[in-house]
Amino acid sequence: PSAPFLLTYKEYVGFATLPNQVHRKSVKKGFDFTLMVAGESGLGKSTLVNSLFLTDLYKDRRLLNAEERITQTVEITKHTVDIEEKGVKLKLTIVDTPGFGDAVNNTECWKPVADYIDQQFEQYFRDESGLNRKNIQDNRVHCCLYFISPFGHGLRPLDVEFMKALHEKVNIVPVLAKADTLTPMEVRRKKIKIREEIEQYGIKIYQFPDCDSDEDEDFKQQDQELKDSIPFAVIGSNTVVEAKGKRVRGRLYPWGIVEVENQSHCDFIKLRNMLVRTHMQDLKDVTRETHYENYRAHCIQSMTRMVVKERNRKYAPRRPRPIGQHQTGQGRTGRT
Ligand code: GDP
């Protein structure tokens with residue numbers, strides 16, 4: 001065939017169907033995602049989770065009384081739900097850290113949470129290095145929504161301490177809780193203050209990936225808006241109310257209705273889209289490529305150090321015995 005024919009005639013081998021094959025396989029397997037919620041109790045964590053995934057995850061929850069809360073240590077609970085939408089299955093695990101910040105003494109209250117995250121990494125590391133690597137259950141925490149109180153002036157020392165203790169282990173997404181208790185102006189000011197403090201204290205929260213330069217303008221603008229929304233101002237509600245003839249999730253006040261899913265009332269929709277529609281895979285990738293990799297490298301380093309130490313101990317020359325000490329046998333003073 002002549003050259004022009006080669007240029008115009010293109011035979012397909014068929015690998016253009018690869019994305020479909022991958023897609024079908026993943027859909028069949030289903031997806032999983034583990035979300036952790038942390039922050040002082042009473043900031044609306046459970047309500048928000050229920051609103052986010054339209055499920056009642058906390059049916060059996062028992063609230064503690066004040067006396068119980070004084071001595072309470074951070075207890076971690078896990079709820080799993082299977083959600084299906086248009087044939088796509090998502091196994092969602094919510095890790096809750098109830099009671100956080102409740103006790104009188106809150107020093108190192110982040111420790112059990114940090115330990116929990118490490119334990120999941122450890123389990124994965126073991127499974128991955130074990131004999132049966134096929135069906136590993138992945139319980140690594142992909143994202144931690146950190147609830148900041150709307151009543152303080154920016155971050156409190158406990159918030160700084162908590163986020164700094166965890167920022168190298170998990171993707172932290174800060175949220176400004178109960179945003180309906182603030183005016184729009186207050187929300188704007190608080191967001192700026194919190195962002196400044198996050199920078200000032202060197203807290204590394206989850207960074208949205210940069211947009212490719214060839215993306216269209218609309219997409220770029222949305223991406224910038226998302227970045228400027230941090231911390232997401234959220235409102236949660238477990239009740240459905242009627243607003244302008246429509247039934248919506250909202251909070252009914254004597255002076256009006258606050259709608260959870262109304263973008264001019266709060267960033268709930270932005271947060272949900274980010275978590276579910278746009279960045280779920282990136283959150284998983286960063287968990288695997290950065291946080292888990294750090295843990296793994298750390299583990300391997302300390303294992304190697306231990307092996308070297310052990311070998312040195314075994315093969316180190318034995319110290320000659322002090323002169324005059326009776327010695328049985330021959331030439332047992334040392335070995336190199
Ligand atoms: P958790 O302890 O952090 O899980 O908090 P809960 O979800 O149990 O909520 C504690 C209280 O705050 C409940 O009375 C909720 O009805 C209320 N609440 C939850 N979300 C919001 C919100 O967005 N705004 C307001 N004003 N109250 C909320």
# chains A, B, ... in the order shown; residues from 1 in each chain; ligands from 1
$ residues_near_ligand --ligand "ligand 1" --cutoff "7 Å" --atoms "only C-alpha atoms and all ligand atoms" --output "list in words"
Glu40, Ser41, Gly42, Leu43, Gly44, Lys45, Ser46, Thr47, Leu48, Pro98, Ala177, Lys178, Ala179, Asp180, Thr181, Val234, Ile235, Gly236 and Ser237 of chain A
$ residues_around --residues "segment 210-214 of chain A" --least-positions-apart "3" --cutoff "12 Å" --atoms "only C-alpha atoms" --output "list in words"
Gln207, Glu217, Asp218, Phe219, Lys220, Gln221, Gln222, Asp223, Gln224, Leu226, Lys227, His279 and Asp282 of chain A
$ residues_around --residues "Asp138 of chain A" --least-positions-apart "2" --cutoff "9 Å" --atoms "only C-alpha atoms" --output "PDB file with N, CA, C and O atoms, in the first residue's frame"
ATOM      1  N   ASP A  32     -15.490   1.030  47.478  1.00  0.00           N
ATOM      2  CA  ASP A  32     -15.604   1.255  48.915  1.00  0.00           C
ATOM      3  C   ASP A  32     -14.928   2.559  49.293  1.00  0.00           C
ATOM      4  O   ASP A  32     -14.051   3.054  48.584  1.00  0.00           O
ATOM      5  N   GLN A 120      -5.121   0.459  60.989  1.00  0.00           N
ATOM      6  CA  GLN A 120      -5.669   0.052  59.686  1.00  0.00           C
ATOM      7  C   GLN A 120      -4.553  -0.089  58.662  1.00  0.00           C
ATOM      8  O   GLN A 120      -4.556  -1.007  57.847  1.00  0.00           O
ATOM      9  N   PHE A 121      -3.577   0.815  58.737  1.00  0.00           N
ATOM     10  CA  PHE A 121      -2.418   0.717  57.851  1.00  0.00           C
ATOM     11  C   PHE A 121      -1.647  -0.572  58.145  1.00  0.00           C
ATOM     12  O   PHE A 121      -1.233  -1.281  57.245  1.00  0.00           O
ATOM     13  N   GLN A 123      -2.702  -3.354  59.496  1.00  0.00           N
ATOM     14  CA  GLN A 123      -3.431  -4.522  59.029  1.00  0.00           C
ATOM     15  C   GLN A 123      -3.256  -4.696  57.526  1.00  0.00           C
ATOM     16  O   GLN A 123      -3.000  -5.796  57.031  1.00  0.00           O
ATOM     17  N   TYR A 124      -3.345  -3.600  56.802  1.00  0.00           N
ATOM     18  CA  TYR A 124      -3.219  -3.663  55.348  1.00  0.00           C
ATOM     19  C   TYR A 124      -1.808  -4.111  54.959  1.00  0.00           C
ATOM     20  O   TYR A 124      -1.620  -4.928  54.066  1.00  0.00           O
ATOM     21  N   ILE A 136      -7.953  -8.784  49.988  1.00  0.00           N
ATOM     22  CA  ILE A 136      -7.637  -7.977  51.158  1.00  0.00           C
ATOM     23  C   ILE A 136      -8.777  -7.007  51.404  1.00  0.00           C
ATOM     24  O   ILE A 136      -9.255  -6.355  50.482  1.00  0.00           O
ATOM     25  N   ARG A 140      -8.492   1.183  55.282  1.00  0.00           N
ATOM     26  CA  ARG A 140      -7.755   2.427  55.492  1.00  0.00           C
ATOM     27  C   ARG A 140      -8.707   3.624  55.412  1.00  0.00           C
ATOM     28  O   ARG A 140      -9.652   3.612  54.631  1.00  0.00           O
ATOM     29  N   VAL A 141      -8.432   4.634  56.243  1.00  0.00           N
ATOM     30  CA  VAL A 141      -9.328   5.793  56.289  1.00  0.00           C
ATOM     31  C   VAL A 141      -8.946   6.761  55.170  1.00  0.00           C
ATOM     32  O   VAL A 141      -7.818   7.226  55.102  1.00  0.00           O
TER      33      VAL A 141
END
$ select_by_dssp --residues "segment 119-220 of chain A" --states "strand (DSSP E)" --output "ChimeraX atom specification"
/A:143-148,172-176
$ select_by_dssp --residues "segment 54-297 of chain A" --states "alpha helix (DSSP H)" --output "VMD selection string"
chain A and resid 66 to 71 111 to 129 157 to 166 184 to 200 217 to 228 268 to 272 280 to 286 293 to 297
$ residues_around --residues "segment 161-170 of chain A" --least-positions-apart "2" --cutoff "8 Å" --atoms "only C-alpha atoms" --output "ChimeraX atom specification"
/A:109-110,114,117-118,141-144,157-159,172,202-205,287,291-292,295
$ write_last_selection --atoms "N, CA and C atoms" --output "CSV table (one decimal), in the first residue's frame"
chain,number,residue,atom,x,y,z
A,109,CYS,N,-6.0,13.7,73.3
A,109,CYS,CA,-7.3,13.0,73.0
A,109,CYS,C,-7.3,12.6,71.5
A,110,TRP,N,-6.3,13.1,70.7
A,110,TRP,CA,-6.2,12.6,69.3
A,110,TRP,C,-5.5,11.3,69.2
A,114,ALA,N,-5.3,8.6,66.1
A,114,ALA,CA,-4.1,8.4,65.3
A,114,ALA,C,-3.8,6.9,65.4
A,117,ILE,N,-6.0,4.9,63.0
A,117,ILE,CA,-5.6,5.0,61.6
A,117,ILE,C,-4.3,4.2,61.3
A,118,ASP,N,-3.4,4.2,62.2
A,118,ASP,CA,-2.2,3.4,62.1
A,118,ASP,C,-2.5,1.9,62.1
A,141,VAL,N,-8.4,4.6,56.2
A,141,VAL,CA,-9.3,5.8,56.3
A,141,VAL,C,-8.9,6.8,55.2
A,142,HIS,N,-9.9,7.0,54.3
A,142,HIS,CA,-9.6,7.9,53.1
A,142,HIS,C,-9.7,9.4,53.3
A,143,CYS,N,-10.6,9.7,54.3
A,143,CYS,CA,-10.8,11.1,54.5
A,143,CYS,C,-11.3,11.4,55.9
A,144,CYS,N,-10.9,12.5,56.5
A,144,CYS,CA,-11.4,12.8,57.9
A,144,CYS,C,-12.0,14.2,57.8
A,157,PRO,N,-7.0,25.7,70.4
A,157,PRO,CA,-5.7,24.9,70.6
A,157,PRO,C,-5.9,23.4,70.3
A,158,LEU,N,-7.0,22.9,70.7
A,158,LEU,CA,-7.3,21.5,70.5
A,158,LEU,C,-7.4,21.1,69.1
A,159,ASP,N,-8.0,22.1,68.3
A,159,ASP,CA,-8.2,21.8,66.8
A,159,ASP,C,-6.8,21.8,66.2
A,172,ILE,N,-7.2,15.4,55.7
A,172,ILE,CA,-8.1,16.2,56.5
A,172,ILE,C,-8.9,17.2,55.7
A,202,GLY,N,1.0,25.7,60.1
A,202,GLY,CA,1.6,24.7,59.3
A,202,GLY,C,0.8,23.4,59.3
A,203,ILE,N,-0.5,23.5,59.3
A,203,ILE,CA,-1.4,22.3,59.2
A,203,ILE,C,-1.5,22.0,57.7
A,204,LYS,N,-1.3,20.7,57.4
A,204,LYS,CA,-1.4,20.3,56.0
A,204,LYS,C,-2.7,19.6,55.8
A,205,ILE,N,-3.7,20.3,55.3
A,205,ILE,CA,-5.0,19.7,55.1
A,205,ILE,C,-5.0,19.1,53.7
A,287,THR,N,-4.4,8.7,49.8
A,287,THR,CA,-4.3,7.8,50.9
A,287,THR,C,-3.3,6.7,50.6
A,291,HIS,N,-0.1,8.7,52.2
A,291,HIS,CA,-0.2,8.4,53.7
A,291,HIS,C,0.2,6.9,53.9
A,292,TYR,N,-0.3,6.0,53.1
A,292,TYR,CA,0.0,4.6,53.4
A,292,TYR,C,1.5,4.4,53.0
A,295,TYR,N,3.7,5.4,55.8
A,295,TYR,CA,3.6,4.4,56.9
A,295,TYR,C,4.5,3.2,56.6
$ atom_distance --atom1 "atom CA of His265 of chain A" --atom2 "atom CA of Pro184 of chain A"
8.4 Å
$ atom_distance --atom1 "atom CA of Val175 of chain A" --atom2 "atom CA of Gly256 of chain A"
23.9 Å
$ closest_residue --among "A:Glu122, A:Asp267, A:Glu108, A:Glu85" --to "Glu293 of chain A" --atoms "only C-alpha atoms"
A:Glu122
$ residues_around --residues "Asp82 of chain A" --least-positions-apart "4" --cutoff "8 Å" --atoms "only C-alpha atoms" --output "PDB file with N, CA and C atoms, in the first residue's frame"
ATOM      1  N   LYS A  89     -22.525  -0.025  43.097  1.00  0.00           N
ATOM      2  CA  LYS A  89     -22.580  -0.281  44.530  1.00  0.00           C
ATOM      3  C   LYS A  89     -21.437   0.430  45.255  1.00  0.00           C
ATOM      4  N   LEU A  90     -21.780   1.045  46.378  1.00  0.00           N
ATOM      5  CA  LEU A  90     -20.762   1.706  47.185  1.00  0.00           C
ATOM      6  C   LEU A  90     -20.870   1.208  48.615  1.00  0.00           C
ATOM      7  N   LYS A  91     -19.756   0.658  49.104  1.00  0.00           N
ATOM      8  CA  LYS A  91     -19.744   0.243  50.506  1.00  0.00           C
ATOM      9  C   LYS A  91     -19.112   1.388  51.283  1.00  0.00           C
ATOM     10  N   LEU A  92     -19.950   2.041  52.060  1.00  0.00           N
ATOM     11  CA  LEU A  92     -19.492   3.218  52.762  1.00  0.00           C
ATOM     12  C   LEU A  92     -19.281   2.905  54.237  1.00  0.00           C
TER      13      LEU A  92
END
$ atom_distance --atom1 "atom CA of Gln119 of chain A" --atom2 "atom CA of Gly30 of chain A"
24.2 Å
